[in-house]
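Enquirer: Here it is: the structure, laid out below.
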Amino acid sequence: MTEEKKPEAKAKTETKPEAKAKTEAKVEAKAETKRVESGEIFEEFREHSVAEFFKKNRQMLGFAGKVRSMTTLVHEFVTNSLDACEEAKILPNIYVKIDEMENGHYKLYVEDNGPGIPKQYVGKALGQMLAGTKFHRFIQQRGQQGIGAAGGVMFAQITTGKPAHARSGTGDGKVYECDISVDLKNNQPKISNMVDFPGNYRGLTVTAEFSEVKYDKSEYAPFEYLKATALANPHSQITIVEPNGERTVFARASNEIPKRPTPAQPHPLGVTTDDMINYAHHSKERKLSSFLTQNFARVSDAKVDEIKQLCPGTNFDKMPRELKWEEAEAIVKAFKQIKWIAPSADPLRPIGKNQIEKALKNVLVPEFISVSERSPKVYRGGVPFLVEVGIAYGGKSGHSTKDGGVGLDVKRFANRAPLLFDAGGCATMEAVKTIDWNRYGLKNVDQMPITLYMNVVSVFIPYTGAGKQAITAEEEVVEELRYAVMEVARDLERYLSGKIRDEQRETRKKAIMRYVKQLAGDLPYLSGESNDKDIEKKLLSMIEHKYSKIFEKTRLTADEEKQQQKERDEEIEE
Ligand SMILES: Nc1ncnc2c1ncn2[C@@H]1O[C@H](COP(=O)(O)OP(=O)(O)OP(=O)(O)O)[C@@H](O)[C@H]1O
Ligand SMILES: [Mg+2]
């Protein structure tokens with residue numbers, strides 16, 4: 001007993017932290033003895049499908065917040081419709097209807113007049129993630145992952161427990177309808193209630209019910225999204241029927257179907273060793289040298305000779321499937337040492353200066369427009385892209401500020417699809433932020449009626465996330481956007497300074513005109529001339545003559561224009 005009491009007495013003399021440390025050490029020692037073996041931990045080991053992953057991380061697909069989720073759904077189905085119509089060379093006619101149901105759920109209905117989906121593909125297209133006709137192609141399209149549609153179908157089933165409904169027809173008298181959901185565990189489509197019937201419908205209609213979504217008319221909501229879509233796709237006709245029954249048609253502004261982009265081969269500068277091995281091991285070519293000329297853009301026989309010089313240890317007559325990693329690595333390294341022609345613009349389909357002007361005039365009715373269309377460039381060494389930037393001033397340009405004024409509005413697009421969210425991390429805003437507006441006499445740009453319209457097109461848009469709402473700030477992309485904004489800002493500066501000069505001239509002219517009548521009355525008296533009407537006429541013609549001279553002086557000659565353009569280009573390049 002006495003022995004047992006001793007430590008207790010000692011404990012009383014210990015300070016509090018010492019006692020705490022001791023207790024922790026005891027707990028640790030106890031835990032040490034109960035260590036969990038890895039076998040026990042790995043009993044919990046499981047495999048997960050991509051669909052399960054996106055169910056858990058639905059915010060990555062843009063399903064975060066009720067309004068945003070609703071816009072994401074409209075975005076995914078409408079971009080699919082536009083892609084499908086463009087691919088089939090059809091002028092898109094898209095009908096979107098959103099109903100609010102009594103139980104607070106919403107029903108979304110998206111109908112297009114595209115090519116439809118062949119029956120054997122409908123399950124995988126709408127009910128399986130990472131499946132589609134776009135991911136593997138080197139061609140500009142709005143969709144690129146094979147997730148969007150199945151993501152929407154999944155959102156319907158996880159928020160209401162109901163499948164989505166699809167109707168498809170190819171216009172040849174046969175139509176089918178079915179229900180589709182995603183078997184999330186296996187990322188496989190589940191099709192039920194398939195019915196075939198005769199009909200002339202051509203296109204795809206998807207109907208689905210959702211909860212955890214909300215319809216409103218904010219700048220992030222479907223209405224604004226479709227309005228912006230119409231702006232970037234003047235060849236499409238888009239109708240929206242809102243939950244209150246209001247119907248709006250964004251009419252087609254052009255009957256020109258954008259030319260179908262031509263798929264391109266990868267440019268040597270964008271290829272990694274892993275790509276090279278993959279392409280080579282699946283190639284049907286008999287020799288490594290012909291594999292290089294046939295599989296990559298801009299690789300001629302002469303270029304193969306240059307590559308051979310740089311890779312002396314590789315036999316270029318052997319079968320491509322025998323290519324080893326080290327050899328592929330050496331070829332990729334050689335690619336970087338050779339001078340290449342830039343990639344072709346064939347796989348890209350920009351909106352074009354004329355169409356952008358038409359669209360901006362149509363929607364914003366501005367007093368001034370300028371559009372800059374840059375030539376194709378590459379990022380990450382080999383991915384072709386191109387930027388287009390338009391500026392509109394006056395009319396309905398700009399967006400309303402909280403204090404009731406109007407300020408700079410930036411409309412962002414990627415492959416003609418509007419980007420409404422995540423502006424902060426987007427390459428477009430990164431470029432806008434770096435512009436010194438003072439240099440263009442636009443220091444109050446935040447309080448001016450200006451809309452900047454920025455479109456990036458590429459065979460692969462480097463989105464920051466699977467929700468496809470912001471473009472990663474790749475250095476080359478930001479730089480191109482910057483140049484384009486500087487060009488249009490300079491044009492606006494010229495317009496505004498010309499306008500100020502014209503206004504000042506008019507004010508001065510008006511001031512002088514005020515004295516003409518008086519002078520014309522007084523002069524006959526002073527000069528002895530009798531006809532004051534003649535004097536007034538002469539005075540007016542003198543003033544007109546003088547001011548037309550001043551006016552001419554304020555306008556630039558063709559040579560001066562050219563010189564100014566040259567200086568501007570030099571300044572931009574600098
Ligand atoms: N309205 C439609 N008409 C014809 N085919 C369609 C339509 N909607 C989808 N598809 C087909 O279904 C596939 C899957 O669509 P989904 O939206 O999931 O992926 P995606 O558009 O290829 O890429 P992303 O995930 O970037 O949207 C498409 O690649 C296309 O082949
Ligand atoms: Mg899609």
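Each chain in the structure tokens gets a letter, A, B and so on, in the order shown; residues start at 1 in every chain, and ligands are counted from 1 in the order they appear.
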Residues within 6 Å of ligand 2 should be enumerated using only C-alpha atoms and all ligand atoms and returned as JSON, numbers by chain.
Expert: {"A": [76, 80, 143, 148, 149]}
Enquirer: Filtering to all heavy atoms, could you give me those residues as a PDB file, in the first residue's frame?
Expert:
```pdb
ATOM      1  N   GLU A  76     -25.032  21.669 -70.847  1.00  0.00           N
ATOM      2  CA  GLU A  76     -24.586  20.364 -71.358  1.00  0.00           C
ATOM      3  C   GLU A  76     -25.465  19.886 -72.518  1.00  0.00           C
ATOM      4  O   GLU A  76     -24.956  19.441 -73.536  1.00  0.00           O
ATOM      5  CB  GLU A  76     -24.581  19.303 -70.244  1.00  0.00           C
ATOM      6  CG  GLU A  76     -23.526  19.542 -69.170  1.00  0.00           C
ATOM      7  CD  GLU A  76     -22.084  19.555 -69.690  1.00  0.00           C
ATOM      8  OE1 GLU A  76     -21.866  19.224 -70.865  1.00  0.00           O
ATOM      9  OE2 GLU A  76     -21.191  19.933 -68.915  1.00  0.00           O
ATOM     10  N   ASN A  80     -24.424  19.992 -76.679  1.00  0.00           N
ATOM     11  CA  ASN A  80     -24.491  18.734 -77.442  1.00  0.00           C
ATOM     12  C   ASN A  80     -25.323  18.916 -78.701  1.00  0.00           C
ATOM     13  O   ASN A  80     -24.968  18.433 -79.773  1.00  0.00           O
ATOM     14  CB  ASN A  80     -25.115  17.634 -76.585  1.00  0.00           C
ATOM     15  CG  ASN A  80     -24.113  17.031 -75.621  1.00  0.00           C
ATOM     16  OD1 ASN A  80     -22.920  17.292 -75.700  1.00  0.00           O
ATOM     17  ND2 ASN A  80     -24.597  16.224 -74.692  1.00  0.00           N
ATOM     18  N   GLY A 143     -18.103  20.008 -76.916  1.00  0.00           N
ATOM     19  CA  GLY A 143     -17.880  18.915 -75.963  1.00  0.00           C
ATOM     20  C   GLY A 143     -16.535  18.299 -76.240  1.00  0.00           C
ATOM     21  O   GLY A 143     -16.080  18.269 -77.381  1.00  0.00           O
ATOM     22  N   GLY A 148     -20.667  15.112 -70.205  1.00  0.00           N
ATOM     23  CA  GLY A 148     -21.759  16.059 -70.007  1.00  0.00           C
ATOM     24  C   GLY A 148     -23.151  15.451 -69.928  1.00  0.00           C
ATOM     25  O   GLY A 148     -23.871  15.646 -68.935  1.00  0.00           O
ATOM     26  N   ALA A 149     -23.556  14.698 -70.959  1.00  0.00           N
ATOM     27  CA  ALA A 149     -24.922  14.183 -71.013  1.00  0.00           C
ATOM     28  C   ALA A 149     -25.171  13.183 -69.879  1.00  0.00           C
ATOM     29  O   ALA A 149     -26.179  13.284 -69.155  1.00  0.00           O
ATOM     30  CB  ALA A 149     -25.182  13.527 -72.369  1.00  0.00           C
TER      31      ALA A 149
END
```
Enquirer: Please identify the residues whose atoms come within 6 Å of ligand 1, using only C-alpha atoms and all ligand atoms, and report them as a list in words.
Expert: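 My answer, listing the contacting residues, is Glu76, Asn80, Ser81, Ala84, Gly114, Pro115, Gly116, Ile117, Ala125, Leu126, Ala131, Gly132, Thr133, Lys134, Gly143, Gln144, Gln145, Gly146, Ile147, Gly148, Ala149, Ala150 and Leu204 of chain A.
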Enquirer: DSSP on the backbone, then: every residue of range 192-271 of chain A marked strand (DSSP E), written as a JSON list (two decimals) with C-alpha atoms, in the first residue's frame.
Expert:
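This went into result-v1.json:
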```
[["chain", "number", "residue", "atom", "x", "y", "z"],
["A", 192, "SER", "CA", -35.83, 0.65, -70.17],
["A", 193, "ASN", "CA", -39.23, 1.14, -71.84],
["A", 194, "MET", "CA", -37.80, 1.20, -75.35],
["A", 195, "VAL", "CA", -40.52, 1.81, -77.96],
["A", 196, "ASP", "CA", -40.24, 2.22, -81.71],
["A", 197, "PHE", "CA", -42.84, 4.01, -83.76],
["A", 198, "PRO", "CA", -43.15, 5.60, -87.18],
["A", 202, "ARG", "CA", -35.34, 14.18, -86.84],
["A", 203, "GLY", "CA", -33.18, 15.09, -83.86],
["A", 204, "LEU", "CA", -32.81, 14.31, -80.19],
["A", 205, "THR", "CA", -35.11, 15.32, -77.34],
["A", 206, "VAL", "CA", -34.05, 14.77, -73.74],
["A", 207, "THR", "CA", -36.53, 15.23, -70.90],
["A", 208, "ALA", "CA", -35.58, 14.84, -67.24],
["A", 209, "GLU", "CA", -36.84, 15.82, -63.80],
["A", 210, "PHE", "CA", -34.53, 17.41, -61.22],
["A", 237, "GLN", "CA", -32.29, 29.61, -83.50],
["A", 238, "ILE", "CA", -32.88, 29.07, -79.81],
["A", 239, "THR", "CA", -36.25, 29.20, -78.07],
["A", 240, "ILE", "CA", -36.72, 29.18, -74.32],
["A", 241, "VAL", "CA", -40.04, 28.71, -72.52],
["A", 247, "ARG", "CA", -41.53, 32.27, -74.51],
["A", 248, "THR", "CA", -38.46, 34.00, -76.00],
["A", 249, "VAL", "CA", -36.93, 33.27, -79.38],
["A", 250, "PHE", "CA", -33.30, 34.19, -79.99]]
```
Enquirer: Skipping near chain neighbours, those fewer than 5 positions away, what residues fall within 9 Å of Arg137 in chain A using only C-alpha atoms, listed as an NGL selection string?
Expert: :A and (144 or 263-264 or 459)
Enquirer: Based on the selection just made, write C-alpha atoms of those residues as a PDB file, in the first residue's frame.
Expert:
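What ended up in result.pdb:
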```pdb
ATOM      1  CA  GLN A 144     -14.626  17.122 -75.467  1.00  0.00           C
ATOM      2  CA  PRO A 263      -9.582  16.838 -88.233  1.00  0.00           C
ATOM      3  CA  ALA A 264      -5.846  17.417 -88.093  1.00  0.00           C
ATOM      4  CA  VAL A 459      -9.073  21.437 -80.622  1.00  0.00           C
TER       5      VAL A 459
END
```
Enquirer: Skip Lys396 in chain A itself and residues of its chain fewer than 6 positions away, then list as a PyMOL selection string all residues within 12 Å of it, counting only C-alpha atoms.
Expert: chain A and resi 360-368+406-409+448-451
Enquirer: Could the residues in this selection be written to a file with N, CA and C atoms, as a PDB file, in the first residue's frame?
Expert:
```pdb
ATOM      1  N   LEU A 360     -22.990  41.322 -82.415  1.00  0.00           N
ATOM      2  CA  LEU A 360     -22.923  42.426 -81.443  1.00  0.00           C
ATOM      3  C   LEU A 360     -23.917  43.531 -81.815  1.00  0.00           C
ATOM      4  N   LYS A 361     -24.012  43.814 -83.117  1.00  0.00           N
ATOM      5  CA  LYS A 361     -24.958  44.855 -83.572  1.00  0.00           C
ATOM      6  C   LYS A 361     -26.375  44.441 -83.227  1.00  0.00           C
ATOM      7  N   ASN A 362     -26.659  43.180 -83.485  1.00  0.00           N
ATOM      8  CA  ASN A 362     -27.992  42.633 -83.261  1.00  0.00           C
ATOM      9  C   ASN A 362     -28.428  42.762 -81.802  1.00  0.00           C
ATOM     10  N   VAL A 363     -27.536  42.378 -80.910  1.00  0.00           N
ATOM     11  CA  VAL A 363     -27.915  42.290 -79.503  1.00  0.00           C
ATOM     12  C   VAL A 363     -27.678  43.593 -78.739  1.00  0.00           C
ATOM     13  N   LEU A 364     -26.570  44.291 -79.047  1.00  0.00           N
ATOM     14  CA  LEU A 364     -26.213  45.452 -78.209  1.00  0.00           C
ATOM     15  C   LEU A 364     -26.510  46.805 -78.861  1.00  0.00           C
ATOM     16  N   VAL A 365     -26.771  46.807 -80.157  1.00  0.00           N
ATOM     17  CA  VAL A 365     -26.998  48.059 -80.904  1.00  0.00           C
ATOM     18  C   VAL A 365     -25.999  49.139 -80.463  1.00  0.00           C
ATOM     19  N   PRO A 366     -24.720  48.869 -80.557  1.00  0.00           N
ATOM     20  CA  PRO A 366     -23.731  49.829 -80.062  1.00  0.00           C
ATOM     21  C   PRO A 366     -23.442  50.938 -81.071  1.00  0.00           C
ATOM     22  N   GLU A 367     -22.766  52.015 -80.623  1.00  0.00           N
ATOM     23  CA  GLU A 367     -22.415  53.059 -81.594  1.00  0.00           C
ATOM     24  C   GLU A 367     -21.042  52.776 -82.204  1.00  0.00           C
ATOM     25  N   PHE A 368     -20.257  51.898 -81.585  1.00  0.00           N
ATOM     26  CA  PHE A 368     -18.949  51.564 -82.145  1.00  0.00           C
ATOM     27  C   PHE A 368     -18.614  50.092 -81.897  1.00  0.00           C
ATOM     28  N   VAL A 406     -23.337  51.984 -65.382  1.00  0.00           N
ATOM     29  CA  VAL A 406     -23.004  50.899 -66.307  1.00  0.00           C
ATOM     30  C   VAL A 406     -21.480  50.778 -66.379  1.00  0.00           C
ATOM     31  N   GLY A 407     -20.975  49.562 -66.483  1.00  0.00           N
ATOM     32  CA  GLY A 407     -19.520  49.362 -66.492  1.00  0.00           C
ATOM     33  C   GLY A 407     -19.104  48.261 -67.444  1.00  0.00           C
ATOM     34  N   LEU A 408     -17.807  48.024 -67.519  1.00  0.00           N
ATOM     35  CA  LEU A 408     -17.253  47.032 -68.441  1.00  0.00           C
ATOM     36  C   LEU A 408     -17.864  45.644 -68.213  1.00  0.00           C
ATOM     37  N   ASP A 409     -18.321  45.035 -69.304  1.00  0.00           N
ATOM     38  CA  ASP A 409     -18.889  43.688 -69.220  1.00  0.00           C
ATOM     39  C   ASP A 409     -18.006  42.779 -70.077  1.00  0.00           C
ATOM     40  N   MET A 448     -17.850  52.641 -67.911  1.00  0.00           N
ATOM     41  CA  MET A 448     -18.174  52.966 -69.306  1.00  0.00           C
ATOM     42  C   MET A 448     -19.037  51.863 -69.932  1.00  0.00           C
ATOM     43  N   PRO A 449     -19.891  52.248 -70.886  1.00  0.00           N
ATOM     44  CA  PRO A 449     -20.752  51.234 -71.529  1.00  0.00           C
ATOM     45  C   PRO A 449     -19.959  50.424 -72.551  1.00  0.00           C
ATOM     46  N   ILE A 450     -19.135  49.493 -72.048  1.00  0.00           N
ATOM     47  CA  ILE A 450     -18.265  48.721 -72.937  1.00  0.00           C
ATOM     48  C   ILE A 450     -18.500  47.223 -72.719  1.00  0.00           C
ATOM     49  N   THR A 451     -18.640  46.481 -73.819  1.00  0.00           N
ATOM     50  CA  THR A 451     -18.692  45.014 -73.720  1.00  0.00           C
ATOM     51  C   THR A 451     -17.488  44.443 -74.460  1.00  0.00           C
TER      52      THR A 451
END
```
Enquirer: Pick out the residues sitting within 8 Å of range 277-286 of chain A, and hand them over as a list in words; count only C-alpha atoms, and ignore anything fewer than 5 positions along from it in its own chain.
Expert: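 Residues meeting the cut-off are Phe291, Asn295, Lys318, Met319, Pro320, Arg321, Glu322, Leu323, Lys324, Trp325 and Ala328 of chain A.
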Enquirer: Please provide the set of residues having any atom within 7 Å of Leu269 in chain A, restricted to only C-alpha atoms, with same-chain residues fewer than 2 positions apart removed, written as a PyMOL selection string.
Expert: chain A and resi 267+271+335-336+381-382
Enquirer: Using C-alpha atoms, can you write the selected residues to a file as an mmCIF file, in the first residue's frame?
Expert:
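So the final result, stored in selection-v1.cif, reads:
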```
data_model
loop_
_atom_site.group_PDB
_atom_site.id
_atom_site.type_symbol
_atom_site.label_atom_id
_atom_site.label_comp_id
_atom_site.auth_asym_id
_atom_site.auth_seq_id
_atom_site.Cartn_x
_atom_site.Cartn_y
_atom_site.Cartn_z
ATOM 1 C CA HIS A 267 1.763 18.610 -84.492
ATOM 2 C CA VAL A 271 3.676 15.128 -78.700
ATOM 3 C CA PHE A 335 11.186 17.171 -82.598
ATOM 4 C CA LYS A 336 11.948 20.013 -80.204
ATOM 5 C CA GLY A 381 4.157 23.255 -77.644
ATOM 6 C CA GLY A 382 1.650 21.891 -80.137
#
```
Enquirer: Which polymer residues have any atom within 8 Å of an atom of Val74 in chain A, counting only C-alpha atoms, with same-chain residues fewer than 2 positions away left out, as a list of chain:residue names?
Expert: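 The contact residues come out as A:Met70, A:Thr71, A:Thr72, A:Glu76, A:Phe77, A:Val78, A:Val96, A:Val110, A:Pro222.
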Enquirer: Per residue of range 267-372 of chain A within 10 Å of range 491-494 of chain A, record the nearest atom pair and its distance in Å to one decimal, counting only C-alpha atoms, with rows in chain order and ascending residue number, as CSV.
Expert:
```
residue,atom,partner,partner_atom,distance
A:Phe368,CA,A:Leu492,CA,7.6
A:Ile369,CA,A:Leu492,CA,7.9
A:Ser370,CA,A:Asp491,CA,6.7
A:Val371,CA,A:Asp491,CA,9.2
A:Ser372,CA,A:Asp491,CA,9.9
```
Enquirer: In Å, rounded to a single decimal, give me how far CA of Ile471 in chain A is from CA of Asp216 in chain A.
Expert: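 Straight-line distance from CA of Asp216 in chain A to CA of Ile471 in chain A works out to 26.0 Å.
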Enquirer: Pick out each residue of range 136-314 of chain A that DSSP on the backbone tags as helix (DSSP H, G or I); I need them as a VMD selection string.
Expert: chain A and resid 148 to 160 222 to 232 268 to 270 273 to 281 288 to 295 301 to 310
Enquirer: Would you output that residue set with N, CA and C atoms, as a compact mmCIF listing (two decimals), in the first residue's frame?
Expert:
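Writing the result to result.txt gives the following:
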```txt
# COMPACT_ATOMS: atom_id res chain seq x y z
N GLY A 148 -20.67 15.11 -70.20
CA GLY A 148 -21.76 16.06 -70.01
C GLY A 148 -23.15 15.45 -69.93
N ALA A 149 -23.56 14.70 -70.96
CA ALA A 149 -24.92 14.18 -71.01
C ALA A 149 -25.17 13.18 -69.88
N ALA A 150 -24.25 12.23 -69.71
CA ALA A 150 -24.43 11.24 -68.65
C ALA A 150 -24.41 11.91 -67.28
N GLY A 151 -23.64 12.99 -67.15
CA GLY A 151 -23.61 13.76 -65.90
C GLY A 151 -25.01 14.30 -65.59
N GLY A 152 -25.68 14.82 -66.63
CA GLY A 152 -27.04 15.35 -66.46
C GLY A 152 -28.02 14.25 -66.08
N VAL A 153 -27.89 13.10 -66.76
CA VAL A 153 -28.78 11.96 -66.47
C VAL A 153 -28.57 11.49 -65.03
N MET A 154 -27.27 11.44 -64.64
CA MET A 154 -26.96 11.03 -63.26
C MET A 154 -27.58 12.02 -62.26
N PHE A 155 -27.53 13.32 -62.57
CA PHE A 155 -28.05 14.31 -61.63
C PHE A 155 -29.56 14.14 -61.46
N ALA A 156 -30.24 13.76 -62.55
CA ALA A 156 -31.69 13.53 -62.44
C ALA A 156 -31.94 12.37 -61.50
N GLN A 157 -31.20 11.27 -61.69
CA GLN A 157 -31.50 10.08 -60.88
C GLN A 157 -31.09 10.24 -59.43
N ILE A 158 -29.99 11.00 -59.16
CA ILE A 158 -29.59 11.12 -57.74
C ILE A 158 -30.40 12.19 -57.00
N THR A 159 -31.10 13.05 -57.75
CA THR A 159 -31.89 14.05 -57.03
C THR A 159 -33.40 13.73 -57.02
N THR A 160 -33.85 12.86 -57.94
CA THR A 160 -35.28 12.52 -57.94
C THR A 160 -35.53 11.01 -57.99
N PRO A 222 -30.15 30.18 -66.84
CA PRO A 222 -30.28 29.68 -68.21
C PRO A 222 -30.66 30.74 -69.26
N PHE A 223 -31.50 31.72 -68.87
CA PHE A 223 -31.92 32.71 -69.87
C PHE A 223 -30.71 33.46 -70.42
N GLU A 224 -29.86 33.97 -69.50
CA GLU A 224 -28.66 34.71 -69.92
C GLU A 224 -27.71 33.78 -70.67
N TYR A 225 -27.66 32.52 -70.21
CA TYR A 225 -26.79 31.55 -70.87
C TYR A 225 -27.19 31.38 -72.33
N LEU A 226 -28.49 31.23 -72.57
CA LEU A 226 -28.96 31.01 -73.95
C LEU A 226 -28.82 32.28 -74.79
N LYS A 227 -28.98 33.43 -74.14
CA LYS A 227 -28.81 34.70 -74.85
C LYS A 227 -27.35 34.80 -75.33
N ALA A 228 -26.42 34.46 -74.43
CA ALA A 228 -25.00 34.50 -74.78
C ALA A 228 -24.68 33.46 -75.85
N THR A 229 -25.35 32.30 -75.76
CA THR A 229 -25.12 31.25 -76.78
C THR A 229 -25.54 31.77 -78.15
N ALA A 230 -26.67 32.48 -78.19
CA ALA A 230 -27.15 33.02 -79.46
C ALA A 230 -26.14 34.03 -80.01
N LEU A 231 -25.51 34.78 -79.12
CA LEU A 231 -24.53 35.79 -79.52
C LEU A 231 -23.32 35.14 -80.21
N ALA A 232 -22.93 33.97 -79.72
CA ALA A 232 -21.74 33.30 -80.28
C ALA A 232 -22.11 32.33 -81.40
N PRO A 268 4.09 17.84 -84.28
CA PRO A 268 5.20 17.21 -83.55
C PRO A 268 5.52 17.90 -82.23
N LEU A 269 5.34 19.23 -82.19
CA LEU A 269 5.72 19.93 -80.97
C LEU A 269 4.81 19.65 -79.77
N GLY A 270 3.64 19.07 -80.04
CA GLY A 270 2.73 18.82 -78.92
C GLY A 270 2.76 17.37 -78.45
N THR A 273 6.41 11.53 -75.12
CA THR A 273 6.98 10.20 -75.40
C THR A 273 5.88 9.13 -75.31
N ASP A 274 5.01 9.28 -74.33
CA ASP A 274 3.94 8.32 -74.15
C ASP A 274 3.00 8.30 -75.37
N ASP A 275 2.67 9.52 -75.89
CA ASP A 275 1.84 9.60 -77.10
C ASP A 275 2.52 8.86 -78.23
N MET A 276 3.82 9.14 -78.40
CA MET A 276 4.58 8.56 -79.51
C MET A 276 4.54 7.04 -79.45
N ILE A 277 4.76 6.49 -78.27
CA ILE A 277 4.73 5.03 -78.10
C ILE A 277 3.33 4.49 -78.45
N ASN A 278 2.31 5.17 -77.95
CA ASN A 278 0.94 4.72 -78.22
C ASN A 278 0.62 4.72 -79.70
N TYR A 279 0.91 5.86 -80.36
CA TYR A 279 0.63 5.95 -81.80
C TYR A 279 1.41 4.87 -82.54
N ALA A 280 2.69 4.72 -82.20
CA ALA A 280 3.56 3.79 -82.93
C ALA A 280 3.05 2.36 -82.76
N HIS A 281 2.70 2.00 -81.54
CA HIS A 281 2.31 0.61 -81.29
C HIS A 281 0.94 0.27 -81.89
N LEU A 288 9.15 2.83 -89.46
CA LEU A 288 9.10 3.95 -88.52
C LEU A 288 9.10 5.29 -89.27
N SER A 289 9.89 5.35 -90.38
CA SER A 289 9.98 6.61 -91.12
C SER A 289 8.62 6.98 -91.72
N SER A 290 7.91 6.00 -92.32
CA SER A 290 6.61 6.35 -92.93
C SER A 290 5.57 6.60 -91.83
N PHE A 291 5.74 5.94 -90.69
CA PHE A 291 4.84 6.21 -89.56
C PHE A 291 4.93 7.69 -89.17
N LEU A 292 6.15 8.23 -89.17
CA LEU A 292 6.31 9.64 -88.78
C LEU A 292 5.67 10.58 -89.80
N THR A 293 5.86 10.29 -91.09
CA THR A 293 5.27 11.20 -92.09
C THR A 293 3.75 11.07 -92.15
N GLN A 294 3.23 9.88 -91.89
CA GLN A 294 1.79 9.65 -92.02
C GLN A 294 0.98 10.05 -90.78
N ASN A 295 1.64 10.05 -89.62
CA ASN A 295 0.88 10.28 -88.38
C ASN A 295 0.97 11.66 -87.77
N ASP A 301 9.53 13.98 -95.76
CA ASP A 301 10.70 13.09 -95.83
C ASP A 301 11.96 13.84 -95.41
N ALA A 302 12.03 15.13 -95.82
CA ALA A 302 13.22 15.92 -95.46
C ALA A 302 13.33 16.05 -93.95
N LYS A 303 12.18 16.22 -93.29
CA LYS A 303 12.19 16.36 -91.83
C LYS A 303 12.62 15.04 -91.19
N VAL A 304 12.17 13.91 -91.79
CA VAL A 304 12.57 12.60 -91.25
C VAL A 304 14.09 12.47 -91.33
N ASP A 305 14.69 12.97 -92.44
CA ASP A 305 16.15 12.91 -92.55
C ASP A 305 16.80 13.69 -91.41
N GLU A 306 16.22 14.87 -91.08
CA GLU A 306 16.78 15.66 -89.96
C GLU A 306 16.67 14.88 -88.66
N ILE A 307 15.52 14.21 -88.48
CA ILE A 307 15.31 13.44 -87.24
C ILE A 307 16.34 12.30 -87.17
N LYS A 308 16.57 11.65 -88.31
CA LYS A 308 17.54 10.54 -88.35
C LYS A 308 18.92 11.02 -87.88
N GLN A 309 19.29 12.21 -88.36
CA GLN A 309 20.59 12.77 -87.97
C GLN A 309 20.68 12.93 -86.46
N LEU A 310 19.55 13.35 -85.86
CA LEU A 310 19.56 13.63 -84.42
C LEU A 310 19.38 12.36 -83.58
```
Enquirer: Ranking A:Leu419, A:Ile191, A:Met101, A:Ala345 by minimum distance to Lys468 in chain A and counting only C-alpha atoms, which one comes first?
Expert: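 Counting only C-alpha atoms, the residue closest to Lys468 in chain A is A:Leu419.
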Enquirer: Check the smallest atom-to-atom distance from each of A:Arg349, A:Lys217, A:His48, A:His399 to Ile257 in chain A using only C-alpha atoms, then report the winner.
Expert: A:Arg349
